Amino acid sequence: PRGAESSREEPRGAVLLAALGVRVCSASPSEWCGFLRQPHAGAAASRSSLLELCPKLTPRYYTISSSPASDPHRAHLTVKVLREPRRGAEARTKEGVCSTQLEGLTAGAPAYVFVRPSFFTLPADPAAPIVMVGPGTGIAPFRAFLRELSTAAVPRPGHVRLYFGCRRPEEDYLYEGELAEHLRSGALSSLRVAFSRAKAQKVYVQHLVAADGAELWGMLQRDAHFYICGGTAMGRDVVGALQRAVAAHGQMSDAAAEGYVKELQAKGRLTQELWS
């Protein structure tokens, strides 16, 4: 019947915003915060009414950086606390919603979490080489891998390599002591570290992957599994470096190398967990 749609009662906040000329769907989170802080003449709705229109916070996903084999009663997280100047408004501080909450928890305080399956699993064949690329907090799943491998009664015969990246060794070299111990024990065969701010010329993990192209191609011929965790741009650059290595050392065209890398993904031998 005519007017059936308009019979549904609009949220009070939507009515108020419409009266004030604010487009609900186009408001960014920062615009919402600014709007809520300001007094508005004639505004009859409460802040709670306005908050009814705000989208719910999406979950924050953190990869567990421990293994039940080494830590049966604990789950470790590797989290960077986000607290930095806002772009375009440097006088104001941008703070991460979840990371700052985790930072503020005291020992024994409850945290509301849930667990979902991970795409990162160790190869079934212990002889298959493992190549891990995880700069910054992207090291989380690979720390879990190494902690699990370190508990094995028999050392893994396949080569295990980690590419890690950070700004400076004295500033943000995560788990430096643990990685050194894994090298000594044999759980980690080789460690390649890129320090992007230690020298005049910036070096990132994708540069090391490119430099090791011939060696990585040899590992791929031995059914290596390749894992990448970190930022989207980094992941794209690492895959690009790997694809160029396949083309150069596998004597393939660019199109054939691209197809080869896609096949690795389809077979579960190239796994990525990336965020923007």
# chains A, B, ... in the order shown; residues from 1 in each chain; ligands from 1

$ residues_around --residues "A:Gln101" --least-positions-apart "2" --cutoff "12 Å" --atoms "only C-alpha atoms" --output "mmCIF file with N, CA, C and O atoms, in the first residue's frame"
data_model
loop_
_atom_site.group_PDB
_atom_site.id
_atom_site.type_symbol
_atom_site.label_atom_id
_atom_site.label_comp_id
_atom_site.auth_asym_id
_atom_site.auth_seq_id
_atom_site.Cartn_x
_atom_site.Cartn_y
_atom_site.Cartn_z
ATOM 1 N N ARG A 60 39.232 -7.069 15.541
ATOM 2 C CA ARG A 60 40.662 -6.937 15.257
ATOM 3 C C ARG A 60 41.270 -8.337 15.315
ATOM 4 O O ARG A 60 41.136 -9.026 16.323
ATOM 5 N N VAL A 79 51.731 -7.575 19.216
ATOM 6 C CA VAL A 79 50.878 -6.434 18.869
ATOM 7 C C VAL A 79 51.673 -5.141 18.931
ATOM 8 O O VAL A 79 52.371 -4.875 19.922
ATOM 9 N N LYS A 80 51.567 -4.338 17.915
ATOM 10 C CA LYS A 80 52.124 -2.988 17.947
ATOM 11 C C LYS A 80 51.044 -2.048 18.470
ATOM 12 O O LYS A 80 49.936 -1.998 17.926
ATOM 13 N N VAL A 81 51.358 -1.322 19.523
ATOM 14 C CA VAL A 81 50.406 -0.358 20.079
ATOM 15 C C VAL A 81 50.396 0.867 19.172
ATOM 16 O O VAL A 81 51.421 1.530 18.987
ATOM 17 N N LEU A 82 49.233 1.127 18.584
ATOM 18 C CA LEU A 82 49.113 2.250 17.655
ATOM 19 C C LEU A 82 48.857 3.537 18.423
ATOM 20 O O LEU A 82 47.821 3.711 19.054
ATOM 21 N N ARG A 83 49.816 4.429 18.354
ATOM 22 C CA ARG A 83 49.685 5.746 18.970
ATOM 23 C C ARG A 83 50.607 6.688 18.196
ATOM 24 O O ARG A 83 51.825 6.654 18.385
ATOM 25 N N GLU A 95 44.961 6.842 18.070
ATOM 26 C CA GLU A 95 45.207 5.700 18.947
ATOM 27 C C GLU A 95 44.430 4.489 18.455
ATOM 28 O O GLU A 95 43.257 4.598 18.092
ATOM 29 N N GLY A 96 45.073 3.348 18.456
ATOM 30 C CA GLY A 96 44.413 2.115 18.075
ATOM 31 C C GLY A 96 43.379 1.715 19.111
ATOM 32 O O GLY A 96 43.635 1.786 20.323
ATOM 33 N N VAL A 97 42.220 1.299 18.660
ATOM 34 C CA VAL A 97 41.138 0.954 19.588
ATOM 35 C C VAL A 97 41.487 -0.287 20.397
ATOM 36 O O VAL A 97 41.373 -0.309 21.627
ATOM 37 N N CYS A 98 41.929 -1.327 19.707
ATOM 38 C CA CYS A 98 42.175 -2.599 20.390
ATOM 39 C C CYS A 98 43.574 -2.661 21.005
ATOM 40 O O CYS A 98 43.741 -3.138 22.125
ATOM 41 N N SER A 99 44.578 -2.174 20.274
ATOM 42 C CA SER A 99 45.952 -2.296 20.777
ATOM 43 C C SER A 99 46.152 -1.514 22.073
ATOM 44 O O SER A 99 46.836 -1.988 22.989
ATOM 45 N N GLU A 103 47.075 -2.940 25.781
ATOM 46 C CA GLU A 103 48.199 -2.363 26.512
ATOM 47 C C GLU A 103 47.789 -2.030 27.944
ATOM 48 O O GLU A 103 48.590 -2.176 28.882
ATOM 49 N N GLY A 104 46.555 -1.583 28.119
ATOM 50 C CA GLY A 104 46.103 -1.154 29.436
ATOM 51 C C GLY A 104 45.674 -2.272 30.361
ATOM 52 O O GLY A 104 45.410 -2.030 31.537
ATOM 53 N N LEU A 105 45.602 -3.507 29.861
ATOM 54 C CA LEU A 105 45.185 -4.617 30.714
ATOM 55 C C LEU A 105 46.262 -4.955 31.740
ATOM 56 O O LEU A 105 47.457 -4.943 31.438
ATOM 57 N N THR A 106 45.834 -5.244 32.936
ATOM 58 C CA THR A 106 46.760 -5.692 33.974
ATOM 59 C C THR A 106 46.758 -7.214 34.030
ATOM 60 O O THR A 106 45.840 -7.866 33.511
ATOM 61 N N ALA A 109 43.582 -9.625 34.310
ATOM 62 C CA ALA A 109 42.353 -8.964 33.866
ATOM 63 C C ALA A 109 41.746 -9.727 32.693
ATOM 64 O O ALA A 109 42.467 -10.294 31.861
ATOM 65 N N PRO A 110 40.409 -9.783 32.603
ATOM 66 C CA PRO A 110 39.778 -10.532 31.507
ATOM 67 C C PRO A 110 39.848 -9.759 30.192
ATOM 68 O O PRO A 110 39.875 -8.529 30.172
ATOM 69 N N ALA A 111 39.897 -10.508 29.103
ATOM 70 C CA ALA A 111 39.827 -9.930 27.758
ATOM 71 C C ALA A 111 38.873 -10.793 26.953
ATOM 72 O O ALA A 111 38.907 -12.029 27.050
ATOM 73 N N TYR A 112 38.018 -10.163 26.186
ATOM 74 C CA TYR A 112 37.021 -10.896 25.421
ATOM 75 C C TYR A 112 37.567 -11.154 24.014
ATOM 76 O O TYR A 112 37.780 -10.225 23.236
#

$ residues_around --residues "A:Arg269" --least-positions-apart "4" --cutoff "7 Å" --atoms "only C-alpha atoms" --output "list in words"
His225, Phe226, Leu264 and Gln265 of chain A

$ residues_around --residues "A:Ala187" --least-positions-apart "4" --cutoff "10 Å" --atoms "only C-alpha atoms" --output "list in words"
Phe145, Leu146, Arg147, Glu148, Leu149, Ser150, Thr151, Ala152, Pro155, Arg156, Pro157, His159, Val160, Arg161, Leu179, Glu181, His182 and Leu183 of chain A

$ residues_around --residues "A:Val205" --least-positions-apart "3" --cutoff "6 Å" --atoms "only C-alpha atoms" --output "MDAnalysis selection string"
chainID A and resid 165 194 208

$ residues_around --residues "A:Pro123" --least-positions-apart "3" --cutoff "9 Å" --atoms "only C-alpha atoms" --output "MDAnalysis selection string"
chainID A and resid 126:130 224:225 269

$ select_by_dssp --residues "stretch 2-250 of chain A" --states "alpha helix (DSSP H)" --output "PyMOL selection string"
chain A and resi 12-20+29-37+47-51+97-104+140-149+169-172+176-185+205-211+213-221+232-249

$ write_last_selection --atoms "C-alpha atoms" --output "compact mmCIF listing (two decimals), in the first residue's frame"
# COMPACT_ATOMS: atom_id res chain seq x y z
CA ARG A 12 15.87 9.28 16.28
CA GLY A 13 19.47 10.02 15.35
CA ALA A 14 18.70 9.72 11.64
CA VAL A 15 15.83 12.18 11.92
CA LEU A 16 18.02 14.65 13.80
CA LEU A 17 20.91 14.36 11.37
CA ALA A 18 18.60 14.80 8.41
CA ALA A 19 17.26 17.96 9.99
CA LEU A 20 20.82 19.22 10.46
CA PRO A 29 34.68 7.98 11.92
CA SER A 30 36.62 11.20 12.54
CA GLU A 31 33.69 13.26 11.24
CA TRP A 32 31.37 11.38 13.58
CA CYS A 33 33.61 12.16 16.54
CA GLY A 34 33.82 15.81 15.60
CA PHE A 35 30.06 16.01 15.12
CA LEU A 36 29.34 14.42 18.50
CA ARG A 37 31.67 16.83 20.31
CA ARG A 47 24.16 11.17 21.97
CA SER A 48 23.02 7.59 22.45
CA SER A 49 20.46 8.16 19.71
CA LEU A 50 23.19 9.36 17.38
CA LEU A 51 25.40 6.41 18.28
CA VAL A 97 41.14 0.95 19.59
CA CYS A 98 42.17 -2.60 20.39
CA SER A 99 45.95 -2.30 20.78
CA THR A 100 45.71 0.45 23.41
CA GLN A 101 43.05 -1.56 25.26
CA LEU A 102 45.34 -4.58 25.34
CA GLU A 103 48.20 -2.36 26.51
CA GLY A 104 46.10 -1.15 29.44
CA ALA A 140 53.93 -13.60 14.74
CA PRO A 141 52.95 -16.84 12.94
CA PHE A 142 56.58 -17.67 12.25
CA ARG A 143 57.51 -17.33 15.88
CA ALA A 144 54.74 -19.88 16.47
CA PHE A 145 56.24 -22.15 13.79
CA LEU A 146 59.71 -21.92 15.32
CA ARG A 147 58.46 -22.54 18.84
CA GLU A 148 56.74 -25.67 17.60
CA LEU A 149 59.75 -26.85 15.60
CA PRO A 169 68.52 -3.44 15.28
CA GLU A 170 68.56 -1.45 18.53
CA GLU A 171 65.00 -0.14 18.04
CA ASP A 172 62.54 -2.84 16.98
CA GLU A 176 66.20 -11.17 18.59
CA GLY A 177 67.32 -13.43 21.43
CA GLU A 178 64.81 -16.15 20.59
CA LEU A 179 65.81 -16.17 16.92
CA ALA A 180 69.47 -16.48 17.85
CA GLU A 181 68.61 -19.45 20.07
CA HIS A 182 66.61 -21.10 17.27
CA LEU A 183 69.65 -20.73 15.01
CA ARG A 184 71.87 -22.37 17.63
CA SER A 185 69.43 -25.25 18.18
CA VAL A 205 62.69 -7.93 2.98
CA GLN A 206 61.69 -7.90 -0.70
CA HIS A 207 65.23 -6.79 -1.58
CA LEU A 208 66.67 -9.79 0.27
CA VAL A 209 64.21 -12.14 -1.43
CA ALA A 210 65.30 -10.74 -4.79
CA ALA A 211 68.99 -11.16 -3.90
CA GLY A 213 66.45 -15.61 -6.06
CA ALA A 214 68.64 -18.49 -7.26
CA GLU A 215 68.66 -20.13 -3.83
CA LEU A 216 64.90 -19.75 -3.42
CA TRP A 217 64.30 -21.24 -6.87
CA GLY A 218 66.32 -24.26 -5.80
CA MET A 219 64.18 -24.61 -2.68
CA LEU A 220 61.00 -24.40 -4.77
CA GLN A 221 62.32 -27.30 -6.83
CA THR A 232 49.66 -5.58 1.77
CA ALA A 233 52.25 -3.49 -0.09
CA MET A 234 55.10 -5.59 1.32
CA GLY A 235 53.33 -8.81 0.34
CA ARG A 236 52.81 -7.56 -3.19
CA ASP A 237 56.49 -6.62 -3.49
CA VAL A 238 57.69 -9.96 -2.11
CA VAL A 239 55.49 -11.92 -4.51
CA GLY A 240 56.79 -9.73 -7.33
CA ALA A 241 60.39 -10.46 -6.32
CA LEU A 242 59.63 -14.17 -6.12
CA GLN A 243 57.96 -14.11 -9.53
CA ARG A 244 60.97 -12.38 -11.10
CA ALA A 245 63.28 -14.95 -9.49
CA VAL A 246 61.19 -17.76 -10.96
CA ALA A 247 61.37 -16.15 -14.38
CA ALA A 248 65.13 -15.57 -14.22
CA HIS A 249 66.30 -18.82 -12.68

$ closest_residue --among "A:Leu53, A:Ile139, A:Ala153, A:Val133" --to "A:Thr271" --atoms "only C-alpha atoms"
A:Val133

$ residues_around --residues "A:Val115" --least-positions-apart "5" --cutoff "10 Å" --atoms "only C-alpha atoms" --output "ChimeraX atom specification"
/A:61-64

$ residues_around --residues "A:Phe164" --least-positions-apart "5" --cutoff "6 Å" --atoms "only C-alpha atoms" --output "count of residues only"
3

$ select_by_dssp --residues "stretch 141-252 of chain A" --states "strand (DSSP E)" --output "ChimeraX atom specification"
/A:160-166,190-195,225-231

$ write_last_selection --atoms "N, CA and C atoms" --output "CSV table (one decimal), in the first residue's frame"
chain,number,residue,atom,x,y,z
A,160,VAL,N,64.9,-24.4,6.9
A,160,VAL,CA,63.9,-23.4,7.5
A,160,VAL,C,64.5,-22.0,7.4
A,161,ARG,N,64.0,-21.1,6.6
A,161,ARG,CA,64.5,-19.8,6.5
A,161,ARG,C,63.5,-18.7,6.9
A,162,LEU,N,64.0,-17.7,7.6
A,162,LEU,CA,63.1,-16.6,8.0
A,162,LEU,C,63.7,-15.3,7.4
A,163,TYR,N,62.9,-14.5,6.8
A,163,TYR,CA,63.2,-13.1,6.4
A,163,TYR,C,62.4,-12.2,7.4
A,164,PHE,N,63.2,-11.4,8.1
A,164,PHE,CA,62.6,-10.5,9.1
A,164,PHE,C,63.1,-9.1,8.7
A,165,GLY,N,62.2,-8.1,9.0
A,165,GLY,CA,62.6,-6.7,8.7
A,165,GLY,C,62.2,-5.8,9.8
A,166,CYS,N,63.0,-4.8,10.1
A,166,CYS,CA,62.6,-3.7,11.1
A,166,CYS,C,63.4,-2.5,10.7
A,190,SER,N,68.4,-20.7,8.6
A,190,SER,CA,69.0,-19.4,8.2
A,190,SER,C,68.1,-18.2,8.5
A,191,LEU,N,68.7,-17.1,8.8
A,191,LEU,CA,68.0,-15.9,9.1
A,191,LEU,C,68.5,-14.7,8.3
A,192,ARG,N,67.6,-14.1,7.6
A,192,ARG,CA,68.0,-12.9,6.8
A,192,ARG,C,67.2,-11.7,7.3
A,193,VAL,N,67.9,-10.7,7.7
A,193,VAL,CA,67.3,-9.5,8.4
A,193,VAL,C,67.6,-8.3,7.6
A,194,ALA,N,66.5,-7.5,7.3
A,194,ALA,CA,66.6,-6.2,6.6
A,194,ALA,C,66.3,-5.1,7.6
A,195,PHE,N,67.3,-4.2,7.7
A,195,PHE,CA,67.2,-3.0,8.6
A,195,PHE,C,66.9,-1.8,7.6
A,225,HIS,N,57.7,-24.6,0.8
A,225,HIS,CA,56.4,-23.8,1.1
A,225,HIS,C,56.8,-22.4,1.5
A,226,PHE,N,56.1,-21.4,0.9
A,226,PHE,CA,56.5,-20.0,1.1
A,226,PHE,C,55.4,-19.3,1.8
A,227,TYR,N,55.7,-18.6,2.9
A,227,TYR,CA,54.7,-18.0,3.7
A,227,TYR,C,55.1,-16.5,3.8
A,228,ILE,N,54.0,-15.6,3.8
A,228,ILE,CA,54.2,-14.2,3.9
A,228,ILE,C,53.2,-13.6,4.8
A,229,CYS,N,53.6,-12.8,5.8
A,229,CYS,CA,52.7,-12.2,6.7
A,229,CYS,C,53.2,-10.7,7.0
A,230,GLY,N,52.2,-9.8,6.8
A,230,GLY,CA,52.5,-8.4,7.1
A,230,GLY,C,51.6,-7.5,6.2
A,231,GLY,N,52.2,-6.3,5.9
A,231,GLY,CA,51.4,-5.3,5.1
A,231,GLY,C,51.2,-5.7,3.7

$ atom_distance --atom1 "atom CA of A:Tyr175" --atom2 "atom CA of A:Thr137"
10.4 Å
